[in-house]
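Peer 1: Sharing start_30.txt, compact mmCIF, C-alpha atoms:
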```txt
# COMPACT_ATOMS: atom_id res chain seq x y z
CA MET A 1 -78.68 122.66 -11.74
CA LYS A 2 -77.88 124.62 -14.87
CA THR A 3 -79.11 128.22 -14.79
CA LYS A 4 -81.70 128.82 -17.49
CA ARG A 5 -80.93 131.51 -20.02
CA ASN A 6 -83.08 134.64 -20.04
CA VAL A 7 -85.07 135.26 -23.20
CA THR A 8 -87.48 137.88 -24.55
CA LEU A 9 -90.45 137.45 -26.87
CA VAL A 10 -90.88 140.67 -28.86
CA LEU A 11 -94.05 141.37 -30.87
CA GLU A 12 -94.00 143.58 -33.95
CA SER A 13 -96.80 145.57 -32.27
CA GLY A 14 -94.28 146.59 -29.59
CA GLN A 15 -95.04 144.42 -26.55
CA GLN A 16 -92.30 142.40 -24.86
CA PHE A 17 -92.60 139.29 -22.68
CA HIS A 18 -89.70 137.96 -20.61
CA GLY A 19 -89.02 134.36 -19.67
CA THR A 20 -86.38 131.63 -19.68
CA SER A 21 -85.33 128.92 -22.11
CA PHE A 22 -86.07 125.19 -21.87
CA GLY A 23 -85.42 124.27 -25.51
CA TYR A 24 -82.84 124.94 -28.20
CA GLU A 25 -81.14 128.33 -27.90
CA LYS A 26 -81.18 130.43 -31.05
CA ALA A 27 -82.89 133.63 -32.16
CA VAL A 28 -86.04 132.83 -34.11
CA ASN A 29 -88.95 134.69 -35.72
CA GLY A 30 -92.42 133.81 -37.01
CA GLU A 31 -96.13 134.50 -36.64
CA VAL A 32 -97.21 134.38 -32.99
CA VAL A 33 -100.45 132.37 -32.57
CA PHE A 34 -102.21 130.77 -29.62
CA ASN A 35 -103.80 127.35 -29.07
CA THR A 36 -106.45 126.80 -26.37
CA ALA A 37 -106.09 123.00 -26.15
CA MET A 38 -105.43 121.45 -22.72
CA MET A 39 -103.39 118.57 -24.14
CA GLY A 40 -101.93 117.14 -27.34
CA TYR A 41 -98.68 119.07 -27.66
CA PRO A 42 -96.81 116.20 -29.44
CA GLU A 43 -99.52 116.18 -32.13
CA SER A 44 -99.66 119.98 -32.39
CA LEU A 45 -95.91 120.43 -32.65
CA THR A 46 -95.71 117.90 -35.49
CA ASP A 47 -98.74 119.31 -37.34
CA PRO A 48 -97.43 120.79 -40.64
CA SER A 49 -100.13 123.47 -40.44
CA TYR A 50 -97.99 125.24 -37.82
CA SER A 51 -95.11 125.80 -40.25
CA GLY A 52 -93.62 129.27 -39.76
CA GLN A 53 -95.38 129.93 -36.46
CA ILE A 54 -94.43 130.61 -32.85
CA LEU A 55 -96.99 128.61 -30.89
CA VAL A 56 -98.35 129.88 -27.57
CA MET A 57 -100.14 127.33 -25.36
CA THR A 58 -102.84 128.96 -23.23
CA PHE A 59 -103.09 125.97 -20.87
CA PRO A 60 -100.58 126.88 -18.13
CA LEU A 61 -98.85 123.53 -17.49
CA VAL A 62 -97.05 121.89 -20.42
CA GLY A 63 -94.63 118.96 -20.52
CA ASN A 64 -96.02 116.92 -17.62
CA TYR A 65 -96.60 113.78 -19.72
CA GLY A 66 -93.39 113.91 -21.71
CA VAL A 67 -93.02 112.86 -25.34
CA PRO A 68 -93.76 109.46 -26.95
CA SER A 69 -91.27 107.53 -29.03
CA ALA A 70 -90.84 108.17 -32.73
CA SER A 71 -91.98 104.66 -33.65
CA GLU A 72 -93.70 103.78 -36.93
CA GLU A 73 -96.58 101.51 -37.89
CA ALA A 74 -96.26 98.75 -40.48
CA ASN A 75 -97.47 101.11 -43.22
CA GLY A 76 -94.71 103.61 -42.49
CA LEU A 77 -96.91 106.16 -40.72
CA SER A 78 -95.82 107.55 -37.37
CA SER A 79 -97.47 105.80 -34.42
CA PHE A 80 -97.94 108.94 -32.33
CA TYR A 81 -96.93 112.03 -34.33
CA GLU A 82 -98.63 113.89 -37.18
CA SER A 83 -95.45 114.07 -39.29
CA ASP A 84 -91.81 113.05 -38.99
CA HIS A 85 -90.58 116.26 -37.31
CA ILE A 86 -91.60 119.41 -35.42
CA HIS A 87 -92.94 122.22 -37.60
CA VAL A 88 -93.39 125.13 -35.17
CA ARG A 89 -90.49 127.56 -34.99
CA ALA A 90 -90.84 127.95 -31.23
CA LEU A 91 -93.05 126.93 -28.31
CA VAL A 92 -94.15 129.42 -25.65
CA VAL A 93 -95.62 128.23 -22.31
CA SER A 94 -96.37 129.59 -18.88
CA ASP A 95 -95.07 126.73 -16.75
CA TYR A 96 -92.87 123.95 -18.15
CA SER A 97 -92.85 120.71 -16.13
CA GLU A 98 -89.32 119.33 -15.76
CA GLU A 99 -90.71 116.07 -14.37
CA TYR A 100 -92.94 113.96 -16.62
CA SER A 101 -94.92 110.78 -16.14
CA HIS A 102 -96.75 108.72 -18.77
CA TRP A 103 -96.72 105.06 -19.82
CA ASN A 104 -95.84 106.05 -23.37
CA ALA A 105 -93.17 108.71 -22.68
CA ASN A 106 -89.51 108.05 -23.45
CA ARG A 107 -88.08 111.57 -23.08
CA SER A 108 -88.94 115.04 -21.88
CA LEU A 109 -90.39 117.83 -24.01
CA SER A 110 -87.20 119.80 -23.38
CA GLN A 111 -85.03 116.96 -24.72
CA TRP A 112 -87.19 116.65 -27.83
CA LEU A 113 -87.04 120.38 -28.60
CA LYS A 114 -83.27 120.42 -28.21
CA GLU A 115 -82.89 117.34 -30.43
CA GLU A 116 -84.90 119.01 -33.20
CA LYS A 117 -83.34 122.46 -32.59
CA ILE A 118 -86.66 124.10 -31.70
CA VAL A 119 -86.83 127.02 -29.28
CA GLY A 120 -88.91 126.59 -26.11
CA ILE A 121 -89.48 129.36 -23.58
CA GLU A 122 -91.36 129.39 -20.25
CA GLY A 123 -92.28 131.87 -17.54
CA ILE A 124 -94.30 133.91 -20.03
CA ASP A 125 -97.62 135.40 -18.92
CA THR A 126 -99.53 133.53 -21.61
CA ARG A 127 -102.91 134.88 -20.40
CA GLU A 128 -101.77 138.44 -21.02
CA LEU A 129 -100.06 137.47 -24.27
CA THR A 130 -103.26 135.83 -25.52
CA LYS A 131 -105.25 138.96 -24.66
CA VAL A 132 -102.79 141.00 -26.73
CA LEU A 133 -103.13 138.61 -29.68
CA ARG A 134 -106.93 138.72 -29.43
CA GLU A 135 -106.82 142.51 -29.51
CA HIS A 136 -104.16 143.03 -32.18
CA GLY A 137 -104.55 139.74 -34.03
CA SER A 138 -101.83 137.21 -34.79
CA VAL A 139 -98.69 139.26 -35.37
CA PRO A 140 -95.07 138.67 -36.37
CA GLY A 141 -92.78 138.16 -33.40
CA LYS A 142 -89.24 137.15 -32.55
CA ILE A 143 -87.48 135.47 -29.66
CA ILE A 144 -84.17 137.04 -28.59
CA PHE A 145 -81.77 135.47 -26.08
CA GLU A 146 -79.82 137.41 -23.48
CA ASP A 147 -76.45 138.40 -24.95
CA GLY A 148 -77.55 136.82 -28.23
CA GLU A 149 -78.04 138.14 -31.76
CA ASP A 150 -81.01 140.21 -32.84
CA ILE A 151 -82.99 139.31 -35.94
CA PRO A 152 -85.70 141.07 -38.00
CA PHE A 153 -89.40 140.25 -37.90
CA GLU A 154 -90.82 138.00 -40.61
CA ASP A 155 -94.36 137.33 -41.80
CA PRO A 156 -94.36 133.64 -42.86
CA ASN A 157 -97.70 134.10 -44.62
CA LEU A 158 -95.92 135.96 -47.41
CA VAL A 159 -94.13 132.71 -48.28
CA ASN A 160 -95.82 129.60 -49.70
CA GLN A 161 -95.59 127.43 -46.56
CA VAL A 162 -97.38 124.57 -48.33
CA ALA A 163 -94.45 124.18 -50.74
CA ILE A 164 -92.17 123.79 -47.70
CA VAL A 165 -94.12 121.02 -45.95
CA SER A 166 -95.70 119.07 -48.83
CA THR A 167 -94.22 115.78 -49.95
CA GLN A 168 -91.76 116.03 -52.83
CA GLU A 169 -92.71 112.72 -54.42
CA ILE A 170 -95.76 110.53 -54.97
CA GLU A 171 -96.46 108.05 -52.15
CA HIS A 172 -98.88 105.12 -51.83
CA TYR A 173 -100.82 103.68 -48.88
CA GLY A 174 -103.29 100.81 -48.67
CA ASN A 175 -104.51 98.32 -51.28
CA GLY A 176 -108.27 98.74 -51.19
CA GLN A 177 -110.75 98.71 -54.07
CA LYS A 178 -111.44 102.44 -54.22
CA LYS A 179 -108.64 104.68 -55.46
CA VAL A 180 -108.28 108.05 -53.74
CA CYS A 181 -105.90 110.83 -54.76
CA LEU A 182 -104.80 112.79 -51.69
CA VAL A 183 -103.29 116.21 -52.39
CA ASP A 184 -100.68 116.83 -49.68
CA MET A 185 -100.92 120.47 -48.64
CA GLY A 186 -99.29 119.51 -45.31
CA VAL A 187 -101.32 116.44 -44.43
CA LYS A 188 -101.64 115.22 -40.85
CA GLN A 189 -100.90 111.52 -40.72
CA ASN A 190 -104.09 110.76 -38.82
CA ILE A 191 -106.02 111.77 -41.93
CA ILE A 192 -104.31 108.92 -43.77
CA ARG A 193 -104.93 106.59 -40.79
CA GLU A 194 -108.64 107.44 -40.87
CA LEU A 195 -108.92 106.89 -44.62
CA LEU A 196 -107.18 103.51 -44.33
CA LYS A 197 -110.02 102.29 -42.11
CA TYR A 198 -111.99 102.00 -45.35
CA ASP A 199 -111.48 99.89 -48.47
CA VAL A 200 -109.23 102.39 -50.24
CA SER A 201 -105.88 102.73 -51.98
CA ILE A 202 -104.38 106.17 -51.41
CA THR A 203 -102.05 107.99 -53.79
CA VAL A 204 -100.48 110.99 -52.02
CA VAL A 205 -99.27 113.67 -54.44
CA PRO A 206 -97.32 116.94 -53.96
CA TRP A 207 -99.34 120.14 -53.66
CA ASP A 208 -98.47 121.29 -57.20
CA CYS A 209 -98.75 117.90 -58.92
CA ASP A 210 -101.15 117.74 -61.86
CA PHE A 211 -102.92 114.60 -60.67
CA ASN A 212 -105.24 114.81 -63.68
CA ALA A 213 -102.28 113.94 -65.91
CA LEU A 214 -101.12 110.87 -63.99
CA GLY A 215 -103.14 108.54 -66.17
CA GLU A 216 -104.88 106.95 -63.19
CA SER A 217 -108.63 106.60 -62.83
CA PHE A 218 -109.20 107.93 -59.32
CA ASP A 219 -112.58 107.34 -57.66
CA GLY A 220 -112.28 110.50 -55.60
CA LEU A 221 -110.11 113.48 -54.67
CA PHE A 222 -109.10 114.38 -51.12
CA ILE A 223 -107.48 117.78 -50.33
CA SER A 224 -105.61 117.93 -47.02
CA ASN A 225 -104.91 120.53 -44.38
CA GLY A 226 -101.86 122.78 -44.66
CA PRO A 227 -100.17 125.97 -43.44
CA GLY A 228 -100.25 129.59 -44.51
CA ASP A 229 -102.20 131.47 -47.16
CA PRO A 230 -104.16 129.26 -49.61
CA ASN A 231 -104.21 132.12 -52.11
CA LEU A 232 -100.55 131.26 -52.85
CA CYS A 233 -101.55 127.78 -54.07
CA GLY A 234 -102.96 128.71 -57.46
CA LYS A 235 -101.61 125.56 -59.12
CA THR A 236 -103.62 123.35 -56.76
CA VAL A 237 -106.76 125.38 -57.40
CA GLU A 238 -106.34 124.97 -61.16
CA HIS A 239 -105.89 121.21 -60.85
CA VAL A 240 -108.98 120.89 -58.63
CA ARG A 241 -111.05 122.84 -61.16
CA GLU A 242 -109.90 120.48 -63.88
CA PHE A 243 -110.82 117.44 -61.75
CA MET A 244 -114.31 118.89 -61.23
CA LYS A 245 -115.01 118.29 -64.92
CA CYS A 246 -115.15 114.53 -64.31
CA GLY A 247 -117.87 114.94 -61.65
CA LYS A 248 -116.28 112.54 -59.14
CA PRO A 249 -116.38 113.06 -55.34
CA ILE A 250 -114.14 115.70 -53.76
CA TYR A 251 -113.58 116.26 -50.05
CA GLY A 252 -111.32 118.80 -48.33
CA ILE A 253 -110.19 119.34 -44.76
CA CYS A 254 -108.99 122.68 -43.33
CA MET A 255 -106.92 124.22 -46.14
CA GLY A 256 -108.68 121.66 -48.33
CA ASN A 257 -111.90 123.55 -47.59
CA GLN A 258 -110.26 126.78 -48.67
CA ILE A 259 -108.75 125.29 -51.84
CA LEU A 260 -112.11 123.78 -52.84
CA SER A 261 -113.79 127.14 -52.16
CA LEU A 262 -111.25 128.99 -54.29
CA ALA A 263 -111.81 126.45 -57.07
CA ALA A 264 -115.55 127.10 -56.76
CA GLY A 265 -115.00 130.84 -57.13
CA ALA A 266 -115.25 132.01 -53.52
CA LYS A 267 -112.72 134.20 -51.68
CA VAL A 268 -110.56 133.27 -48.70
CA GLU A 269 -109.49 135.90 -46.16
CA LYS A 270 -107.24 136.04 -43.10
CA LEU A 271 -108.91 135.83 -39.71
CA LYS A 272 -107.86 138.22 -36.96
CA TYR A 273 -106.33 135.51 -34.77
CA GLY A 274 -107.59 132.25 -36.24
CA HIS A 275 -109.07 129.14 -34.64
CA ARG A 276 -106.62 126.85 -32.84
CA GLY A 277 -107.78 124.43 -30.17
CA HIS A 278 -110.03 121.50 -29.35
CA ASN A 279 -113.22 123.28 -28.35
CA GLN A 280 -114.48 125.12 -31.43
CA PRO A 281 -118.29 124.68 -31.81
CA VAL A 282 -119.72 124.33 -35.32
CA ARG A 283 -123.32 124.06 -36.54
CA LEU A 284 -124.50 121.98 -39.49
CA MET A 285 -126.33 123.93 -42.20
CA GLU A 286 -129.01 122.57 -44.53
CA ASN A 287 -130.38 124.54 -47.49
CA GLY A 288 -128.76 127.66 -46.15
CA GLN A 289 -130.45 127.39 -42.77
CA PRO A 290 -128.92 126.39 -39.40
CA THR A 291 -129.94 123.02 -37.97
CA GLU A 292 -129.98 121.76 -34.39
CA LYS A 293 -126.94 119.55 -35.07
CA CYS A 294 -123.85 121.02 -33.42
CA PHE A 295 -120.37 119.56 -32.90
CA ILE A 296 -117.26 120.33 -30.87
CA THR A 297 -114.24 120.27 -33.16
CA SER A 298 -110.45 120.43 -33.27
CA GLN A 299 -109.15 123.30 -35.41
CA ASN A 300 -105.93 124.91 -36.58
CA HIS A 301 -106.21 127.62 -39.21
CA GLY A 302 -105.68 131.33 -39.69
CA TYR A 303 -107.75 131.83 -42.86
CA ALA A 304 -111.44 131.34 -43.63
CA VAL A 305 -113.79 131.31 -46.60
CA ASN A 306 -115.90 134.45 -46.99
CA ASN A 307 -119.50 133.16 -46.85
CA GLU A 308 -120.73 136.14 -48.84
CA THR A 309 -118.62 135.12 -51.84
CA ILE A 310 -119.77 131.49 -52.12
CA PRO A 311 -121.35 131.01 -55.60
CA ALA A 312 -125.07 130.31 -55.96
CA ASP A 313 -124.63 126.62 -56.82
CA TRP A 314 -122.71 126.10 -53.57
CA GLU A 315 -123.72 126.61 -49.93
CA PRO A 316 -122.16 126.68 -46.46
CA LEU A 317 -122.10 123.22 -44.86
CA PHE A 318 -120.97 124.26 -41.36
CA VAL A 319 -120.58 127.61 -39.59
CA ASN A 320 -118.60 128.54 -36.50
CA MET A 321 -120.91 129.19 -33.56
CA ASN A 322 -118.53 131.70 -31.98
CA ASP A 323 -117.98 134.13 -34.82
CA GLY A 324 -120.21 132.91 -37.68
CA SER A 325 -117.26 132.22 -39.98
CA ASN A 326 -117.36 129.47 -42.58
CA GLU A 327 -116.53 125.92 -41.46
CA GLY A 328 -117.23 124.02 -44.68
CA ILE A 329 -119.02 124.14 -48.05
CA ARG A 330 -120.84 121.76 -50.36
CA HIS A 331 -122.12 121.81 -53.90
CA LYS A 332 -125.90 121.68 -54.18
CA THR A 333 -125.95 118.91 -56.78
CA MET A 334 -122.42 117.45 -57.15
CA PRO A 335 -120.60 115.19 -54.60
CA TRP A 336 -118.20 117.93 -53.50
CA PHE A 337 -117.95 119.05 -49.88
CA SER A 338 -115.46 120.07 -47.20
CA ALA A 339 -114.84 120.91 -43.54
CA GLN A 340 -112.69 123.72 -42.16
CA PHE A 341 -112.17 121.81 -38.89
CA HIS A 342 -110.33 118.50 -38.32
CA PRO A 343 -112.72 115.51 -38.18
CA GLU A 344 -109.70 113.21 -37.72
CA ALA A 345 -108.84 115.20 -34.54
CA CYS A 346 -105.64 113.69 -33.06
CA SER A 347 -105.60 115.32 -30.73
CA GLY A 348 -109.07 116.54 -29.86
CA PRO A 349 -112.73 115.48 -30.03
CA THR A 350 -113.83 112.87 -32.57
CA ASP A 351 -117.43 114.09 -32.88
CA THR A 352 -117.17 114.50 -36.66
CA GLU A 353 -115.15 111.40 -37.52
CA PHE A 354 -118.22 110.12 -39.39
CA ILE A 355 -117.45 112.50 -42.27
CA PHE A 356 -114.79 110.11 -43.56
CA GLY A 357 -117.52 107.50 -43.93
CA GLN A 358 -119.65 109.98 -45.84
CA PHE A 359 -116.80 110.58 -48.28
CA PHE A 360 -116.19 106.85 -48.74
CA SER A 361 -119.90 106.21 -49.38
CA LEU A 362 -119.70 108.57 -52.37
CA LEU A 363 -116.78 106.80 -54.04
```
Can I see the file as structure tokens?
Peer 2:
Amino acid sequence: MKTKRNVTLVLESGQQFHGTSFGYEKAVNGEVVFNTAMMGYPESLTDPSYSGQILVMTFPLVGNYGVPSASEEANGLSSFYESDHIHVRALVVSDYSEEYSHWNANRSLSQWLKEEKIVGIEGIDTRELTKVLREHGSVPGKIIFEDGEDIPFEDPNLVNQVAIVSTQEIEHYGNGQKKVCLVDMGVKQNIIRELLKYDVSITVVPWDCDFNALGESFDGLFISNGPGDPNLCGKTVEHVREFMKCGKPIYGICMGNQILSLAAGAKVEKLKYGHRGHNQPVRLMENGQPTEKCFITSQNHGYAVNNETIPADWEPLFVNMNDGSNEGIRHKTMPWFSAQFHPEACSGPTDTEFIFGQFFSLL
């Protein structure tokens, strides 16, 4: 058996964690974040919202069900992934399972990481690492291999990550009656799958595309999830504000919530360590007051809307039950609303899948 190469995860705050490699071997840097999900690593790794990040899985055993094939559906969407490649810069786990077993697996996680040249390290005390991140917040980090090169730290949030992951050209899906413009900030493919369950035609446009100037009469606007700091996406915000003048329905997910909030005039700020996992509880709000309706949601974001800055003609739609942070907004009179969490899940709970139906009913 080949001896695994020793590797060190170094945080900008000074802490070091030692382990061994099971993926591609190269020095790499990024923002170190943690995810509390117990499963769903193929979906998480291919989620564009993780662009620029070193992902730490808090669940100790990873890799035991392998990786599914990269097959596509008839419409060109991936059958099992959330995009066509891995977006994390590195994966950090406590215990990597060499052996895997699953009806849908065709290779190991290690093989997949090596094929896509993504670093994977194991033997890390992820419980202690997560405690450090909770105390200091998500911080820049780097992974250095024994006898390998050293590299500087980098904060990926200083770069427009959306511009890196967004489509570069206009794409079309479906042939339904209602026409939806989907702004690709780093869209998960299950969002498109969920929308296609309804009678819609979807036009996917790049993040900086002026969809108002396309000459098409869209019935509604959909703003997707995406990575990094939404404050760097001023062009998108301007285009959303222009679309508001027509009064048609708008719905945003994750970064879409933040973009809609910025367009409304609210402020978006960085969270200490973000929300990443499948067990984030949110509460529905009505007329500014909490209701008894609560949901368990899948989430992946490091920024949140400041509730105190939401304009008077808007109101919070959901709030996080752990820390009280914003989880969605809606306009009091216009058909504009959003969710900070992922109602399309994949992976995760589907408690809030009904929101797609609410959007379609407004078209």
Peer 1: Would you mind listing, for every residue of segment 16-126 of chain A within 10 Å of segment 210-232 of chain A, the two atoms forming the shortest contact and the distance between them in Å to one decimal, using only C-alpha atoms, sorted by chain and ascending residue number, as a tab-separated table?
Peer 2:
```
residue	atom	partner	partner_atom	distance
A:Asp47	CA	A:Gly226	CA	8.7
A:Pro48	CA	A:Gly226	CA	6.3
A:Ser49	CA	A:Pro227	CA	3.9
A:Tyr50	CA	A:Pro227	CA	6.1
A:Ser51	CA	A:Pro227	CA	6.0
A:Gly52	CA	A:Gly228	CA	8.2
A:Gln53	CA	A:Pro227	CA	9.3
```
Peer 1: Around all the atoms of segment 218-223 of chain A listed in the file, with 4 Å of room on each side, what axis-aligned box do you get, giving centre and edge lengths in Å to one decimal, as lines of an AutoDock Vina configuration file?
Peer 2:
```
center_x = -110.0
center_y = 112.6
center_z = -54.8
size_x = 13.1
size_y = 18.4
size_z = 17.0
```
Peer 1: So which one's closest to Leu182 of chain A, A:Tyr198, A:Phe341, A:Trp314, A:Tyr251? Using all atoms listed in the file, please.
Peer 2: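 Closest to Leu182 of chain A, using all atoms listed in the file: A:Tyr251.
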Peer 1: Could you tell me, as an MDAnalysis selection string, which residues have any atom at most 7 Å from (-81.5, 126.4, -29.9), counting all atoms listed in the file?
Peer 2: chainID A and resid 23:26 114 117:119
Peer 1: Quick one, how far is atom CA of Ile124 of chain A from atom CA of Val92 of chain A?
Peer 2: 7.2 Å
Peer 1: Mind giving me the straight-line distance from atom CA of Asp155 of chain A to atom CA of Leu55 of chain A in Å, one decimal?
Peer 2: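 We find that atom CA of Asp155 of chain A and atom CA of Leu55 of chain A lie 14.2 Å from each other.
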Peer 1: I'd like the contact shell of Tyr41 of chain A - 12 Å cut-off, all atoms listed in the file, skipping same-chain residues fewer than 2 positions apart - returned as a VMD selection string.
Peer 2: chain A and resid 35 to 39 43 to 47 50 55 to 59 61 to 68 80 to 82 86 to 88 91 to 93 109 112 to 113 277 to 278 346 to 348
Peer 1: Could you tell me which of A:Lys131, A:Pro156, A:Arg89, A:Ser361 comes closest to Val200 of chain A if we count only C-alpha atoms?
Peer 2: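 With only C-alpha atoms as the atom set, the closest residue is A:Ser361.
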Peer 1: With 12 Å as the threshold, what does the neighbourhood of (-116.0, 120.0, -50.7) contain in terms of residues, counting only C-alpha atoms? Coordinates are those of the file; answer as a count of residues only.
Peer 2: 47
Peer 1: Select, from A:Val32, A:Leu195, A:Ile144, A:Ala312, the residue with the minimum atom-to-atom distance to Phe354 of chain A, counting only C-alpha atoms.
Peer 2: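 Looking at the shortest contact to Phe354 of chain A, the residue is A:Leu195.
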Peer 1: Find the distance between atom CA of Val33 of chain A and atom CA of Cys233 of chain A and write it in Å to one decimal.
Peer 2: 22.0 Å
Peer 1: Using all atoms listed in the file for the distances, tell me which of A:Leu271, A:Val319, A:Leu9, A:Ile296 is nearest to Asp125 of chain A.
Peer 2: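 Checking each of A:Leu271, A:Val319, A:Leu9, A:Ile296 against Asp125 of chain A, counting all atoms listed in the file, the winner is A:Leu9.
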Peer 1: Hey, what's within 7 Å of Arg283 of chain A if we count all atoms listed in the file and toss same-chain stuff fewer than 5 positions away? As a ChimeraX atom specification, please?
Peer 2: /A:290-291,293-295,318-321
Peer 1: Please provide as a ChimeraX atom specification all residues within 7 Å of Lys142 of chain A, with the sequence filter that same-chain residues fewer than 6 positions apart are discarded (counting all atoms listed in the file).
Peer 2: /A:9-11,28-30,153
Peer 1: Using only C-alpha atoms, please write the residues we just selected to a file, as a short mmCIF file (atom, residue, chain, number, x, y, z; two decimals), keeping the file's coordinate frame.
Peer 2:
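The resulting file, selection_10.cif, is shown below:
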```
data_model
loop_
_atom_site.label_atom_id
_atom_site.label_comp_id
_atom_site.auth_asym_id
_atom_site.auth_seq_id
_atom_site.Cartn_x
_atom_site.Cartn_y
_atom_site.Cartn_z
CA LEU A 9 -90.45 137.45 -26.87
CA VAL A 10 -90.88 140.67 -28.86
CA LEU A 11 -94.05 141.37 -30.87
CA VAL A 28 -86.04 132.83 -34.11
CA ASN A 29 -88.95 134.69 -35.72
CA GLY A 30 -92.42 133.81 -37.01
CA PHE A 153 -89.40 140.25 -37.90
#
```
Peer 1: Pick from A:Gly274, A:Ser298, A:Asn326, A:Ser79: nearest to Gly40 of chain A, with only C-alpha atoms counted?
Peer 2: A:Ser298
Peer 1: Pick the closest to Ala304 of chain A from A:Lys178, A:Pro281, A:Lys270, A:Asn322: which is it, counting all atoms listed in the file?
Peer 2: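 Going through A:Lys178, A:Pro281, A:Lys270, A:Asn322 one by one, the smallest distance to Ala304 of chain A is for A:Lys270.
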Peer 1: What lies within 7 Å of Ile170 of chain A using all atoms listed in the file, ignoring chain neighbours under 6 positions off, as a PyMOL selection string?
Peer 2: chain A and resi 203-206
